[in-house]
>>> print(open('coords_3.txt').read())   # compact mmCIF, C-alpha atoms and all ligand atoms
# COMPACT_ATOMS: atom_id res chain seq x y z
CA MET A 1 138.31 60.78 -90.26
CA ARG A 2 136.53 61.31 -86.93
CA ILE A 3 137.90 59.30 -84.06
CA ILE A 4 137.40 59.19 -80.30
CA LEU A 5 140.22 58.07 -78.01
CA LEU A 6 138.78 56.47 -74.92
CA GLY A 7 140.75 55.47 -71.85
CA PRO A 8 141.66 56.36 -68.27
CA PRO A 9 143.86 59.35 -67.43
CA GLY A 10 147.51 58.53 -68.06
CA VAL A 11 146.83 55.75 -70.55
CA GLY A 12 148.67 57.71 -73.26
CA LYS A 13 145.73 59.34 -75.06
CA GLY A 14 147.60 62.65 -75.36
CA THR A 15 150.92 61.22 -76.60
CA GLN A 16 149.29 58.76 -78.98
CA GLY A 17 146.55 61.17 -80.05
CA VAL A 18 148.99 63.91 -81.09
CA ARG A 19 151.03 61.41 -83.14
CA LEU A 20 147.95 59.94 -84.78
CA CYS A 21 146.77 63.43 -85.74
CA GLU A 22 150.14 64.34 -87.26
CA ARG A 23 149.95 61.16 -89.30
CA LEU A 24 146.35 61.71 -90.42
CA GLY A 25 146.62 65.53 -90.83
CA ILE A 26 143.67 66.30 -88.56
CA PRO A 27 143.45 68.30 -85.30
CA HIS A 28 143.85 66.76 -81.86
CA ILE A 29 141.04 68.09 -79.69
CA ALA A 30 141.49 67.45 -75.98
CA THR A 31 138.84 68.88 -73.66
CA GLY A 32 141.35 68.74 -70.77
CA ASP A 33 143.69 71.05 -72.75
CA LEU A 34 140.83 73.40 -73.68
CA LEU A 35 139.82 73.56 -70.02
CA ARG A 36 143.40 74.09 -68.78
CA PHE A 37 143.81 77.02 -71.21
CA ALA A 38 140.51 78.48 -69.99
CA VAL A 39 141.73 78.18 -66.38
CA LYS A 40 145.10 79.69 -67.24
CA TRP A 41 143.53 82.71 -68.93
CA GLN A 42 140.91 82.99 -66.18
CA THR A 43 138.00 83.07 -68.62
CA GLU A 44 134.50 82.75 -67.23
CA ILE A 45 134.46 79.06 -68.20
CA GLY A 46 137.90 78.53 -66.66
CA ASN A 47 136.86 80.09 -63.38
CA ARG A 48 133.78 77.85 -63.24
CA ALA A 49 135.74 74.70 -64.12
CA LYS A 50 138.79 75.03 -61.87
CA ARG A 51 137.49 73.61 -58.60
CA TYR A 52 136.20 70.44 -60.28
CA MET A 53 139.52 69.89 -62.06
CA ASP A 54 141.53 70.43 -58.89
CA ALA A 55 139.41 67.80 -57.13
CA GLY A 56 139.77 65.27 -59.97
CA GLU A 57 136.02 65.42 -60.68
CA LEU A 58 134.27 65.90 -63.99
CA VAL A 59 133.46 69.48 -64.94
CA PRO A 60 129.67 69.86 -65.44
CA ASP A 61 128.53 68.75 -68.90
CA GLU A 62 127.14 72.13 -69.98
CA ILE A 63 130.51 73.85 -69.45
CA VAL A 64 132.47 71.25 -71.43
CA LEU A 65 129.85 71.08 -74.14
CA GLU A 66 130.01 74.82 -74.69
CA LEU A 67 133.78 74.59 -75.23
CA LEU A 68 133.51 71.53 -77.46
CA ARG A 69 130.70 72.86 -79.64
CA THR A 70 132.76 75.99 -80.37
CA ARG A 71 135.89 73.98 -81.11
CA LEU A 72 134.16 71.49 -83.42
CA SER A 73 132.69 74.28 -85.54
CA GLN A 74 136.10 75.79 -86.29
CA PRO A 75 137.17 75.30 -89.92
CA ASP A 76 140.10 72.96 -89.20
CA ALA A 77 137.83 70.52 -87.39
CA LEU A 78 135.26 70.22 -90.17
CA ASP A 79 137.23 67.58 -92.09
CA GLY A 80 138.02 65.39 -89.12
CA PHE A 81 139.53 65.19 -85.64
CA VAL A 82 140.77 62.95 -82.90
CA LEU A 83 138.82 63.64 -79.72
CA ASP A 84 140.76 63.01 -76.52
CA GLY A 85 139.06 63.14 -73.12
CA PHE A 86 135.57 63.59 -74.53
CA PRO A 87 132.99 62.09 -74.10
CA ARG A 88 133.47 61.19 -70.41
CA ASN A 89 129.92 59.90 -69.69
CA PRO A 90 126.88 58.65 -71.64
CA ALA A 91 125.15 62.08 -71.56
CA GLN A 92 128.20 63.64 -73.24
CA ALA A 93 128.24 60.83 -75.80
CA ASP A 94 124.58 61.50 -76.64
CA ALA A 95 125.32 65.24 -76.91
CA LEU A 96 128.26 64.57 -79.23
CA GLY A 97 125.99 62.44 -81.43
CA GLU A 98 123.58 65.38 -81.68
CA ILE A 99 126.33 67.90 -82.52
CA LEU A 100 127.67 65.60 -85.26
CA ASP A 101 124.15 65.05 -86.64
CA GLU A 102 123.65 68.84 -86.81
CA LEU A 103 126.93 69.18 -88.71
CA GLY A 104 126.00 66.23 -90.97
CA HIS A 105 129.02 64.21 -89.80
CA LYS A 106 129.55 60.66 -88.56
CA LEU A 107 132.08 59.03 -86.25
CA ASN A 108 134.44 56.58 -87.95
CA GLY A 109 135.64 54.76 -84.87
CA VAL A 110 136.35 54.72 -81.15
CA VAL A 111 139.72 53.48 -79.93
CA SER A 112 139.77 52.18 -76.36
CA LEU A 113 143.36 52.35 -75.07
CA GLU A 114 143.81 49.89 -72.21
CA VAL A 115 146.41 49.77 -69.40
CA PRO A 116 146.12 48.28 -65.86
CA ASP A 117 145.38 50.80 -63.04
CA ASP A 118 148.61 50.11 -61.12
CA GLU A 119 150.70 51.10 -64.09
CA ILE A 120 148.60 54.27 -64.54
CA VAL A 121 149.26 55.50 -60.99
CA GLU A 122 152.97 54.88 -61.49
CA ARG A 123 153.02 56.69 -64.86
CA LEU A 124 151.03 59.72 -63.72
CA SER A 125 153.04 60.22 -60.55
CA ALA A 126 156.16 60.52 -62.75
CA ARG A 127 154.51 62.66 -65.45
CA ALA A 128 155.52 66.23 -66.17
CA SER A 129 154.04 68.58 -68.76
CA CYS A 130 155.40 71.42 -70.90
CA PRO A 131 153.61 74.72 -70.12
CA THR A 132 153.95 75.88 -73.75
CA CYS A 133 153.15 72.91 -76.01
CA GLY A 134 151.37 70.62 -73.53
CA ARG A 135 153.54 67.59 -74.38
CA THR A 136 154.01 65.20 -71.48
CA PHE A 137 157.18 63.43 -70.37
CA THR A 138 158.05 60.73 -67.88
CA ILE A 139 160.61 62.09 -65.46
CA LYS A 140 163.45 59.71 -64.74
CA GLY A 141 165.94 60.43 -61.97
CA GLY A 142 168.81 62.69 -62.98
CA GLU A 143 167.37 63.93 -66.30
CA PRO A 144 167.02 67.69 -66.89
CA GLU A 145 163.35 68.51 -66.57
CA VAL A 146 162.90 70.53 -69.76
CA CYS A 147 160.76 70.06 -72.88
CA ASP A 148 162.60 68.47 -75.85
CA VAL A 149 160.78 70.78 -78.23
CA ASP A 150 160.55 74.17 -76.46
CA GLY A 151 163.35 73.91 -73.92
CA GLU A 152 160.76 75.08 -71.36
CA ARG A 153 160.94 73.92 -67.76
CA LEU A 154 158.41 71.12 -67.19
CA PHE A 155 155.85 71.22 -64.39
CA GLN A 156 153.72 68.63 -62.64
CA ARG A 157 149.98 69.13 -63.14
CA ASP A 158 148.08 69.83 -59.90
CA ASP A 159 145.84 66.86 -60.64
CA ASP A 160 148.77 64.46 -61.15
CA ARG A 161 149.23 64.12 -57.37
CA PRO A 162 148.59 60.56 -56.08
CA GLU A 163 145.38 61.35 -54.14
CA VAL A 164 143.84 63.18 -57.13
CA ILE A 165 145.01 60.46 -59.54
CA ARG A 166 143.09 57.85 -57.54
CA LYS A 167 139.98 60.04 -57.63
CA ARG A 168 140.31 60.51 -61.41
CA LEU A 169 140.63 56.75 -61.90
CA GLN A 170 137.55 56.14 -59.76
CA VAL A 171 135.61 58.71 -61.81
CA PHE A 172 136.79 56.97 -64.99
CA HIS A 173 135.59 53.55 -63.86
CA GLN A 174 132.23 54.86 -62.67
CA GLN A 175 131.32 57.35 -65.38
CA THR A 176 133.47 56.87 -68.48
CA SER A 177 134.06 53.13 -68.81
CA PRO A 178 130.35 52.45 -69.60
CA LEU A 179 131.13 54.15 -72.93
CA VAL A 180 133.09 51.09 -74.02
CA GLU A 181 129.85 49.14 -74.17
CA TYR A 182 127.96 52.17 -75.55
CA TYR A 183 130.22 52.32 -78.62
CA GLU A 184 130.63 48.55 -78.85
CA LYS A 185 126.86 48.30 -79.38
CA GLN A 186 127.18 50.83 -82.22
CA GLY A 187 129.88 48.67 -83.80
CA LEU A 188 132.43 51.48 -83.53
CA LEU A 189 134.77 50.19 -80.81
CA VAL A 190 138.29 48.82 -81.23
CA ARG A 191 140.45 47.87 -78.25
CA VAL A 192 144.18 48.64 -78.28
CA ASN A 193 146.70 47.42 -75.71
CA GLY A 194 148.36 50.56 -74.30
CA VAL A 195 151.29 48.81 -72.62
CA GLY A 196 154.68 48.99 -74.34
CA ASP A 197 156.85 51.27 -76.36
CA VAL A 198 155.34 54.51 -77.76
CA ASP A 199 156.09 53.47 -81.38
CA GLU A 200 154.75 49.98 -80.85
CA ILE A 201 151.45 51.33 -79.44
CA GLN A 202 151.17 53.84 -82.29
CA ALA A 203 151.58 51.00 -84.81
CA ARG A 204 148.75 49.08 -83.08
CA MET A 205 146.57 52.20 -83.20
CA LEU A 206 147.19 52.77 -86.90
CA GLU A 207 146.27 49.19 -87.56
CA ALA A 208 143.10 49.58 -85.48
CA VAL A 209 141.71 52.81 -86.94
CA PRO A 210 139.33 52.26 -89.84
CA GLY A 211 141.10 52.63 -93.21
P1 LIG B 301 142.35 65.31 -68.87
O1 LIG B 301 143.46 66.20 -69.31
O2 LIG B 301 141.55 64.74 -70.00
O3 LIG B 301 142.80 64.26 -67.89
O4 LIG B 301 141.32 66.23 -68.06
C1 LIG B 301 141.69 66.93 -66.89
C2 LIG B 301 140.45 67.33 -66.11
O5 LIG B 301 139.63 68.19 -66.91
C3 LIG B 301 139.53 66.18 -65.72
O6 LIG B 301 139.93 65.54 -64.52
C4 LIG B 301 138.20 66.89 -65.59
O7 LIG B 301 138.13 67.63 -64.39
C5 LIG B 301 138.26 67.90 -66.72
N1 LIG B 301 137.70 67.35 -68.00
C6 LIG B 301 138.37 67.10 -69.16
N2 LIG B 301 137.53 66.64 -70.10
C7 LIG B 301 136.31 66.59 -69.52
C8 LIG B 301 135.02 66.18 -69.96
N3 LIG B 301 134.81 65.70 -71.21
N4 LIG B 301 133.98 66.27 -69.08
C9 LIG B 301 134.15 66.74 -67.84
N5 LIG B 301 135.33 67.12 -67.34
C10 LIG B 301 136.42 67.05 -68.17
>>> encode(input="coords_3.txt", output="structure tokens", more="lines below")
Ligand code: AMP
Amino acid sequence: MRIILLGPPGVGKGTQGVRLCERLGIPHIATGDLLRFAVKWQTEIGNRAKRYMDAGELVPDEIVLELLRTRLSQPDALDGFVLDGFPRNPAQADALGEILDELGHKLNGVVSLEVPDDEIVERLSARASCPTCGRTFTIKGGEPEVCDVDGERLFQRDDDRPEVIRKRLQVFHQQTSPLVEYYEKQGLLVRVNGVGDVDEIQARMLEAVPG
């Protein structure tokens, strides 16, 4: 099963994507995570990508494509994957099509997770991430800010600050949302309402992904 999760930052692609992958037994491949690891370890790619990420802009296609091509050729990704955060523009979508053609693979579906912008800004401003496993949590007043799984202290991503969030949303509407139509034309798109309880949304996603 090869699925793309499409949607603005903070819509729940990470949370829902990880759960969907556990259910389907395929890897969750998030270009944002790959890039954050590259930045953390100060690799050449990470050093080139950092300033774009800090500004809430897209990292140039050739950098992201290099990371993605390598990841998609790893053995665990050959039988399927859920892609989260890629493609982010039509040129990336074309490039993904070419990589899949080379590997002799086809996409099964594209899930567009949808939530109003106001709710996104609210969610992201309250979001904290685990430095070890990458899981994200909504911080409510008075709760200890540690990861349920690792017990690690959570941190707020640099790009989850309100001014960067607004920039990321603007970039989404300008560059990424045209992909909804792109995949609709290919007959691959399903829309899923991303408002509600995590379990409820997961149930909608499972219903939406092709059988
Ligand atoms: P995310 O975790 O998906 O919100 O991504 C965090 C940041 O990484 C984005 O704001 C971009 O700067 C960068 N990024 C992630 N995926 C891509 C991509 N497919 N193309 C370009 N930049 C990306």
>>> residues_near_ligand(input="coords_3.txt", ligand="ligand LIG 301 (chain B)", cutoff="7 Å", atoms="only C-alpha atoms and all ligand atoms", output="list in words")
Pro9, Ala30, Thr31, Gly32, Asp33, Leu35, Tyr52, Met53, Gly56, Glu57, Leu58, Val59, Pro60, Asp61, Val64, Asp84, Gly85, Phe86, Pro87, Arg88 and Arg168 of chain A
>>> write_last_selection(input="coords_3.txt", atoms="C-alpha atoms", output="PDB file, keeping the file's coordinate frame")
ATOM      1  CA  PRO A   9     143.860  59.350 -67.430  1.00  0.00           C
ATOM      2  CA  ALA A  30     141.490  67.450 -75.980  1.00  0.00           C
ATOM      3  CA  THR A  31     138.840  68.880 -73.660  1.00  0.00           C
ATOM      4  CA  GLY A  32     141.350  68.740 -70.770  1.00  0.00           C
ATOM      5  CA  ASP A  33     143.690  71.050 -72.750  1.00  0.00           C
ATOM      6  CA  LEU A  35     139.820  73.560 -70.020  1.00  0.00           C
ATOM      7  CA  TYR A  52     136.200  70.440 -60.280  1.00  0.00           C
ATOM      8  CA  MET A  53     139.520  69.890 -62.060  1.00  0.00           C
ATOM      9  CA  GLY A  56     139.770  65.270 -59.970  1.00  0.00           C
ATOM     10  CA  GLU A  57     136.020  65.420 -60.680  1.00  0.00           C
ATOM     11  CA  LEU A  58     134.270  65.900 -63.990  1.00  0.00           C
ATOM     12  CA  VAL A  59     133.460  69.480 -64.940  1.00  0.00           C
ATOM     13  CA  PRO A  60     129.670  69.860 -65.440  1.00  0.00           C
ATOM     14  CA  ASP A  61     128.530  68.750 -68.900  1.00  0.00           C
ATOM     15  CA  VAL A  64     132.470  71.250 -71.430  1.00  0.00           C
ATOM     16  CA  ASP A  84     140.760  63.010 -76.520  1.00  0.00           C
ATOM     17  CA  GLY A  85     139.060  63.140 -73.120  1.00  0.00           C
ATOM     18  CA  PHE A  86     135.570  63.590 -74.530  1.00  0.00           C
ATOM     19  CA  PRO A  87     132.990  62.090 -74.100  1.00  0.00           C
ATOM     20  CA  ARG A  88     133.470  61.190 -70.410  1.00  0.00           C
ATOM     21  CA  ARG A 168     140.310  60.510 -61.410  1.00  0.00           C
TER      22      ARG A 168
END
>>> closest_residue(input="coords_3.txt", among="A:Gly194, A:Gly80, A:Gly7, A:Pro131", to="A:Glu152", atoms="all atoms listed in the file")
A:Pro131
>>> residues_around(input="coords_3.txt", residues="A:Arg204", least_positions_apart="5", cutoff="10 Å", atoms="all atoms listed in the file", output="JSON, numbers by chain")
{"A": [191, 192, 193, 194, 199, 209]}
>>> atom_distance(input="coords_3.txt", atom1="atom CA of A:Gly25", atom2="atom CA of A:Phe81")
8.8 Å
>>> residues_around(input="coords_3.txt", residues="A:Arg127", least_positions_apart="2", cutoff="10 Å", atoms="all atoms listed in the file", output="count of residues only")
18
>>> closest_residue(input="coords_3.txt", among="A:Glu163, A:Glu184, A:Asp118, A:Asp79", to="A:Asp54", atoms="only C-alpha atoms")
A:Glu163
>>> atom_distance(input="coords_3.txt", atom1="atom CA of A:Lys167", atom2="atom CA of A:Val11")
15.2 Å
>>> closest_residue(input="coords_3.txt", among="A:Cys21, A:Leu67, A:Val180, A:Leu107", to="A:Ile4", atoms="all atoms listed in the file")
A:Leu107
>>> residues_around(input="coords_3.txt", residues="A:Gly151", least_positions_apart="5", cutoff="12 Å", atoms="all atoms listed in the file", output="list in words")
Ser129, Cys130, Pro131, Thr132, Cys133, Arg135, Pro144, Glu145 and Val146 of chain A
>>> residues_around(input="coords_3.txt", residues="A:Leu103", least_positions_apart="4", cutoff="9 Å", atoms="all atoms listed in the file", output="ChimeraX atom specification")
/A:73,78,98-99
>>> atom_distance(input="coords_3.txt", atom1="atom CA of A:Gln74", atom2="atom CA of A:Thr43")
19.2 Å
>>> closest_residue(input="coords_3.txt", among="A:Pro8, A:Gly109, A:Pro90, A:Gly46", to="A:Met205", atoms="all atoms listed in the file")
A:Gly109
>>> decode(input="coords_3.txt", residues="stretch 140-169 of chain A", atoms="N, CA, C and O atoms", output="PDB file, in the first residue's frame")
ATOM      1  N   LYS A 140      -1.613  21.011  27.698  1.00  0.00           N
ATOM      2  CA  LYS A 140      -2.706  21.673  28.413  1.00  0.00           C
ATOM      3  C   LYS A 140      -2.150  22.169  29.745  1.00  0.00           C
ATOM      4  O   LYS A 140      -1.263  21.537  30.305  1.00  0.00           O
ATOM      5  N   GLY A 141      -2.656  23.293  30.207  1.00  0.00           N
ATOM      6  CA  GLY A 141      -2.137  23.899  31.436  1.00  0.00           C
ATOM      7  C   GLY A 141      -2.041  22.904  32.581  1.00  0.00           C
ATOM      8  O   GLY A 141      -2.955  22.106  32.791  1.00  0.00           O
ATOM      9  N   GLY A 142      -0.910  22.918  33.290  1.00  0.00           N
ATOM     10  CA  GLY A 142      -0.774  22.098  34.484  1.00  0.00           C
ATOM     11  C   GLY A 142      -0.272  20.685  34.254  1.00  0.00           C
ATOM     12  O   GLY A 142       0.141  20.027  35.195  1.00  0.00           O
ATOM     13  N   GLU A 143      -0.251  20.208  32.996  1.00  0.00           N
ATOM     14  CA  GLU A 143       0.214  18.830  32.771  1.00  0.00           C
ATOM     15  C   GLU A 143       1.741  18.786  32.709  1.00  0.00           C
ATOM     16  O   GLU A 143       2.361  19.708  32.195  1.00  0.00           O
ATOM     17  N   PRO A 144       2.368  17.695  33.218  1.00  0.00           N
ATOM     18  CA  PRO A 144       3.816  17.588  33.085  1.00  0.00           C
ATOM     19  C   PRO A 144       4.181  17.461  31.598  1.00  0.00           C
ATOM     20  O   PRO A 144       3.527  16.711  30.866  1.00  0.00           O
ATOM     21  N   GLU A 145       5.186  18.203  31.191  1.00  0.00           N
ATOM     22  CA  GLU A 145       5.492  18.225  29.766  1.00  0.00           C
ATOM     23  C   GLU A 145       6.525  17.160  29.405  1.00  0.00           C
ATOM     24  O   GLU A 145       7.653  17.467  29.049  1.00  0.00           O
ATOM     25  N   VAL A 146       6.120  15.886  29.561  1.00  0.00           N
ATOM     26  CA  VAL A 146       7.029  14.799  29.181  1.00  0.00           C
ATOM     27  C   VAL A 146       6.309  13.832  28.249  1.00  0.00           C
ATOM     28  O   VAL A 146       5.083  13.744  28.235  1.00  0.00           O
ATOM     29  N   CYS A 147       7.116  13.097  27.461  1.00  0.00           N
ATOM     30  CA  CYS A 147       6.567  12.142  26.496  1.00  0.00           C
ATOM     31  C   CYS A 147       6.008  10.920  27.228  1.00  0.00           C
ATOM     32  O   CYS A 147       6.672  10.365  28.101  1.00  0.00           O
ATOM     33  N   ASP A 148       4.798  10.495  26.861  1.00  0.00           N
ATOM     34  CA  ASP A 148       4.155   9.307  27.443  1.00  0.00           C
ATOM     35  C   ASP A 148       4.999   8.056  27.241  1.00  0.00           C
ATOM     36  O   ASP A 148       4.972   7.132  28.033  1.00  0.00           O
ATOM     37  N   VAL A 149       5.712   8.018  26.128  1.00  0.00           N
ATOM     38  CA  VAL A 149       6.415   6.800  25.733  1.00  0.00           C
ATOM     39  C   VAL A 149       7.842   6.773  26.280  1.00  0.00           C
ATOM     40  O   VAL A 149       8.275   5.785  26.865  1.00  0.00           O
ATOM     41  N   ASP A 150       8.588   7.879  26.119  1.00  0.00           N
ATOM     42  CA  ASP A 150      10.002   7.896  26.498  1.00  0.00           C
ATOM     43  C   ASP A 150      10.271   8.556  27.845  1.00  0.00           C
ATOM     44  O   ASP A 150      11.383   8.460  28.358  1.00  0.00           O
ATOM     45  N   GLY A 151       9.284   9.290  28.352  1.00  0.00           N
ATOM     46  CA  GLY A 151       9.519  10.049  29.579  1.00  0.00           C
ATOM     47  C   GLY A 151      10.444  11.247  29.349  1.00  0.00           C
ATOM     48  O   GLY A 151      10.914  11.884  30.278  1.00  0.00           O
ATOM     49  N   GLU A 152      10.738  11.535  28.078  1.00  0.00           N
ATOM     50  CA  GLU A 152      11.634  12.660  27.758  1.00  0.00           C
ATOM     51  C   GLU A 152      10.897  13.982  27.887  1.00  0.00           C
ATOM     52  O   GLU A 152       9.693  14.055  27.612  1.00  0.00           O
ATOM     53  N   ARG A 153      11.643  15.025  28.235  1.00  0.00           N
ATOM     54  CA  ARG A 153      11.051  16.354  28.313  1.00  0.00           C
ATOM     55  C   ARG A 153      10.699  16.848  26.906  1.00  0.00           C
ATOM     56  O   ARG A 153      11.510  16.779  25.994  1.00  0.00           O
ATOM     57  N   LEU A 154       9.458  17.321  26.736  1.00  0.00           N
ATOM     58  CA  LEU A 154       9.023  17.779  25.414  1.00  0.00           C
ATOM     59  C   LEU A 154       9.573  19.172  25.112  1.00  0.00           C
ATOM     60  O   LEU A 154       9.886  19.927  26.025  1.00  0.00           O
ATOM     61  N   PHE A 155       9.687  19.486  23.821  1.00  0.00           N
ATOM     62  CA  PHE A 155      10.139  20.833  23.442  1.00  0.00           C
ATOM     63  C   PHE A 155       9.210  21.378  22.367  1.00  0.00           C
ATOM     64  O   PHE A 155       8.501  20.628  21.699  1.00  0.00           O
ATOM     65  N   GLN A 156       9.211  22.711  22.236  1.00  0.00           N
ATOM     66  CA  GLN A 156       8.408  23.309  21.167  1.00  0.00           C
ATOM     67  C   GLN A 156       9.311  23.531  19.958  1.00  0.00           C
ATOM     68  O   GLN A 156      10.407  24.088  20.072  1.00  0.00           O
ATOM     69  N   ARG A 157       8.869  23.038  18.788  1.00  0.00           N
ATOM     70  CA  ARG A 157       9.658  23.222  17.572  1.00  0.00           C
ATOM     71  C   ARG A 157       9.828  24.711  17.284  1.00  0.00           C
ATOM     72  O   ARG A 157       8.904  25.491  17.478  1.00  0.00           O
ATOM     73  N   ASP A 158      11.025  25.092  16.758  1.00  0.00           N
ATOM     74  CA  ASP A 158      11.271  26.502  16.433  1.00  0.00           C
ATOM     75  C   ASP A 158      10.215  27.034  15.467  1.00  0.00           C
ATOM     76  O   ASP A 158       9.839  28.201  15.530  1.00  0.00           O
ATOM     77  N   ASP A 159       9.757  26.144  14.569  1.00  0.00           N
ATOM     78  CA  ASP A 159       8.811  26.647  13.559  1.00  0.00           C
ATOM     79  C   ASP A 159       7.357  26.523  14.016  1.00  0.00           C
ATOM     80  O   ASP A 159       6.441  26.750  13.243  1.00  0.00           O
ATOM     81  N   ASP A 160       7.114  26.200  15.276  1.00  0.00           N
ATOM     82  CA  ASP A 160       5.751  26.212  15.821  1.00  0.00           C
ATOM     83  C   ASP A 160       5.458  27.525  16.563  1.00  0.00           C
ATOM     84  O   ASP A 160       4.534  27.607  17.375  1.00  0.00           O
ATOM     85  N   ARG A 161       6.239  28.570  16.287  1.00  0.00           N
ATOM     86  CA  ARG A 161       5.926  29.892  16.846  1.00  0.00           C
ATOM     87  C   ARG A 161       4.898  30.569  15.949  1.00  0.00           C
ATOM     88  O   ARG A 161       4.918  30.358  14.723  1.00  0.00           O
ATOM     89  N   PRO A 162       3.973  31.387  16.521  1.00  0.00           N
ATOM     90  CA  PRO A 162       2.851  31.916  15.735  1.00  0.00           C
ATOM     91  C   PRO A 162       3.243  32.573  14.416  1.00  0.00           C
ATOM     92  O   PRO A 162       2.609  32.320  13.394  1.00  0.00           O
ATOM     93  N   GLU A 163       4.329  33.375  14.384  1.00  0.00           N
ATOM     94  CA  GLU A 163       4.640  34.075  13.123  1.00  0.00           C
ATOM     95  C   GLU A 163       5.107  33.080  12.058  1.00  0.00           C
ATOM     96  O   GLU A 163       4.819  33.235  10.866  1.00  0.00           O
ATOM     97  N   VAL A 164       5.821  32.024  12.478  1.00  0.00           N
ATOM     98  CA  VAL A 164       6.280  31.028  11.497  1.00  0.00           C
ATOM     99  C   VAL A 164       5.105  30.131  11.077  1.00  0.00           C
ATOM    100  O   VAL A 164       5.018  29.723   9.915  1.00  0.00           O
ATOM    101  N   ILE A 165       4.188  29.862  11.999  1.00  0.00           N
ATOM    102  CA  ILE A 165       3.016  29.048  11.666  1.00  0.00           C
ATOM    103  C   ILE A 165       2.237  29.717  10.537  1.00  0.00           C
ATOM    104  O   ILE A 165       1.835  29.076   9.562  1.00  0.00           O
ATOM    105  N   ARG A 166       2.028  31.043  10.679  1.00  0.00           N
ATOM    106  CA  ARG A 166       1.262  31.747   9.635  1.00  0.00           C
ATOM    107  C   ARG A 166       1.967  31.667   8.296  1.00  0.00           C
ATOM    108  O   ARG A 166       1.338  31.465   7.265  1.00  0.00           O
ATOM    109  N   LYS A 167       3.283  31.758   8.301  1.00  0.00           N
ATOM    110  CA  LYS A 167       4.054  31.655   7.058  1.00  0.00           C
ATOM    111  C   LYS A 167       3.893  30.251   6.467  1.00  0.00           C
ATOM    112  O   LYS A 167       3.689  30.087   5.263  1.00  0.00           O
ATOM    113  N   ARG A 168       3.955  29.227   7.318  1.00  0.00           N
ATOM    114  CA  ARG A 168       3.842  27.843   6.819  1.00  0.00           C
ATOM    115  C   ARG A 168       2.469  27.598   6.219  1.00  0.00           C
ATOM    116  O   ARG A 168       2.326  26.890   5.234  1.00  0.00           O
ATOM    117  N   LEU A 169       1.436  28.202   6.839  1.00  0.00           N
ATOM    118  CA  LEU A 169       0.075  28.040   6.297  1.00  0.00           C
ATOM    119  C   LEU A 169      -0.049  28.732   4.945  1.00  0.00           C
ATOM    120  O   LEU A 169      -0.679  28.203   4.014  1.00  0.00           O
TER     121      LEU A 169
END
